[in-house]
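**Q** The following block contains the structure, expressed as structure tokens.
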Amino acid sequence: MNISRKIAEEASKELAKISQDERSFEHLDKGKETIKADKLSEDLIIEMLKNEGIRGTIVTEESEVIKEGNENIIAIIDPLDGSKNYARGIKWCSVSIAFAEQRGNGINDIVAGTVKPVFFNESFSFYKRGGVFVNNEKYYIKKQPGIDKEKYYAVYFDNDNAIETVKNIREKLINRGYIATFRSLGSAALELALVSIGKIDGFIDARSKLRIVDAAAGIGMIIENGGVVRGLDGEDFLDIDLKKMYRFKSLIALSSIEEARTVFG
């Protein structure tokens with residue numbers, strides 16, 4: 001956890017610094033979403049991982065899979081999650097770094113990680129059986145007075161079938177007496193981290209675009225703090241290969257078992 005936090009904080013500082021230079025927003029390849037800031041952050045993170053002695057597999061947004069040795073450790077990184085926000089000067093974006101030890105248990109093999117907003121001082125970290133931390137303080141989900149009948153979900157969808165799925169979940173919440181607010185903010189890693197501490201009740205991605213690099217650290221935090229992560233079809237992701245660039249067909253992450261019961265019954 002400490003290594004992930006250290007590297008994520010250094011990368012976020014560099015991203016904040018170069019955000020003043022418009023050249024950071026230039027696309028590396030015509031027709032692709034990757035901007036220079038993505039690659040600069042990735043290069044910095046990979047170099048720091050090597051300096052920390054990581055000798056396993058690095059799965060990362062731009063280079064996909066890099067073999068640095070034969071150790072079982074896997075580093076799963078998104079050097080800039082929310083690059084569209086970043087390029088437009090919207091300060092909702094983050095660096096995400098997770099570590100896993102692949103033992104055949106899929107997402108349950110994620111053992112530590114950090115999500116660090118680029119432009120905010122907070123950092124969100126966890127280590128397995130050690131808890132979730134906001135900055136250096138262990139965080140326990142607390143009831144928030146006055147909003148017990150409100151549900152706040154971060155939602156991503158881009159096709160008719162996905163829209164219908166999200167609509168059905170929202171209707172279910174409303175039928176159970178909740179005020180249901182669904183919003184798309186633009187940094188999945190950061191929103192998943194907020195689900196892990198109960199600031200956001202749930203996260204839904206129904207685009208078939210979300211990748212393991214976007215989600216690994218946040219998923220680890222949610223599981224560690226007693227939340228639930230599933231596919232909309234019920235898939236549990238316990239057999240996925242973390243050494244590959246896995247893409248989720250769909251994902252729903254909920255802050256607690258009680259929240260899952262509200263959605264799934």
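As shown in the structure tokens, the chain order sets the letters A, B, ...; within each chain, residues go from 1, and ligands are also counted from 1 in the order they appear.
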Report as a list of chain:residue names all protein, DNA and RNA residues lying within 6 Å of Tyr178 of chain A, evaluated on only C-alpha atoms, omitting residues in the same chain fewer than 4 positions from it.
**A**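 The contact residues come out as A:Lys149, A:Glu150, A:Leu173, A:Ile174.
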**Q** Since we have the selection now, will you write its residues out, keeping N, CA and C atoms, as a short mmCIF file (atom, residue, chain, number, x, y, z; two decimals), in the first residue's frame?
**A**
data_model
loop_
_atom_site.label_atom_id
_atom_site.label_comp_id
_atom_site.auth_asym_id
_atom_site.auth_seq_id
_atom_site.Cartn_x
_atom_site.Cartn_y
_atom_site.Cartn_z
N LYS A 149 -32.61 8.24 2.72
CA LYS A 149 -33.55 7.85 1.66
C LYS A 149 -33.06 8.25 0.28
N GLU A 150 -31.81 8.67 0.20
CA GLU A 150 -31.24 9.04 -1.08
C GLU A 150 -30.23 7.99 -1.54
N LEU A 173 -35.07 1.12 -7.33
CA LEU A 173 -34.75 1.94 -6.16
C LEU A 173 -35.90 2.89 -5.84
N ILE A 174 -36.46 3.52 -6.87
CA ILE A 174 -37.57 4.46 -6.66
C ILE A 174 -38.79 3.73 -6.10
#
**Q** With only C-alpha atoms as the counted atoms, please give the residues lying no more than 7 Å from segment 256-259 of chain A, apart from itself and same-chain residues fewer than 4 positions off, as a PyMOL selection string.
**A** chain A and resi 226-228+263
**Q** If DSSP is run on the backbone, what residues of segment 84-184 of chain A are helix (DSSP H, G or I)? A reply as JSON, numbers by chain would be ideal.
**A** {"A": [84, 85, 86, 87, 106, 107, 108, 109, 160, 161, 162, 163, 164, 165, 166, 167, 168, 169, 170, 171, 172, 173, 174, 175]}
**Q** Between A:Gly265, A:Phe124, A:Lys172, A:Ser250, single out the one closest to Ile197 of chain A, counting only C-alpha atoms.
**A**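 Among A:Gly265, A:Phe124, A:Lys172, A:Ser250, it is A:Phe124 that comes nearest to Ile197 of chain A.
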**Q** List as a list in words the protein and nucleic acid residues near Thr34 of chain A, meaning an atom at most 12 Å away when only C-alpha atoms are counted, but skip any in the same chain fewer than 3 places from it.
**A** Ser24, Phe25, Glu26, His27, Leu28, Asp29, Lys30, Gly31, Ala37, Asp38, Lys39, Leu40, Ser41, Glu42, Glu61, Glu62, Ser63, Asp78, Pro79, Leu80, Asp81, Gly82, Ser83, Lys84, Tyr86 and Ala87 of chain A
**Q** Please determine, counting only C-alpha atoms, which residue among A:Lys143, A:Lys13, A:Ile7, A:Lys67 has the shortest atom-to-atom distance to Met48 of chain A.
**A**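 Answer, going by the shortest atom-to-atom distance: A:Ile7.
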**Q** Have a look at A:Val59, A:Ala98, A:Ile222, A:Ala8 and name the one nearest to Gly131 of chain A; count only C-alpha atoms.
**A**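 Checking each of A:Val59, A:Ala98, A:Ile222, A:Ala8 against Gly131 of chain A, counting only C-alpha atoms, the winner is A:Ile222.
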**Q** Within 12 Å of Gly220 of chain A, counting only C-alpha atoms, which residues qualify if same-chain residues fewer than 2 places away don't, as a ChimeraX atom specification?
**A** /A:1,76,96-100,106-115,124-132,189,192-193,195-197,212-218,222-229,253
**Q** For a quick check of understanding, using only C-alpha atoms, which of A:Leu190, A:Ile147, A:Ala206, A:Ile141 has the smallest distance to Ile163 of chain A?
**A** A:Ala206
**Q** If you count only C-alpha atoms, which residues fall within 10 Å of Lys209 of chain A, apart from same-chain ones fewer than 5 positions away, as a VMD selection string?
**A** chain A and resid 156 to 158 214 246 to 250
**Q** Rank A:Leu251, A:Phe237, A:Glu164, A:Ile219 by their smallest atom-to-atom distance to Ile204 of chain A, using only C-alpha atoms, and report the top residue only.
**A**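 Closest to Ile204 of chain A, using only C-alpha atoms: A:Leu251.
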**Q** Hey, which of A:Lys151, A:Lys243, A:Lys199, A:Arg183 ends up closest to Arg103 of chain A? Count only C-alpha atoms.
**A** A:Lys243
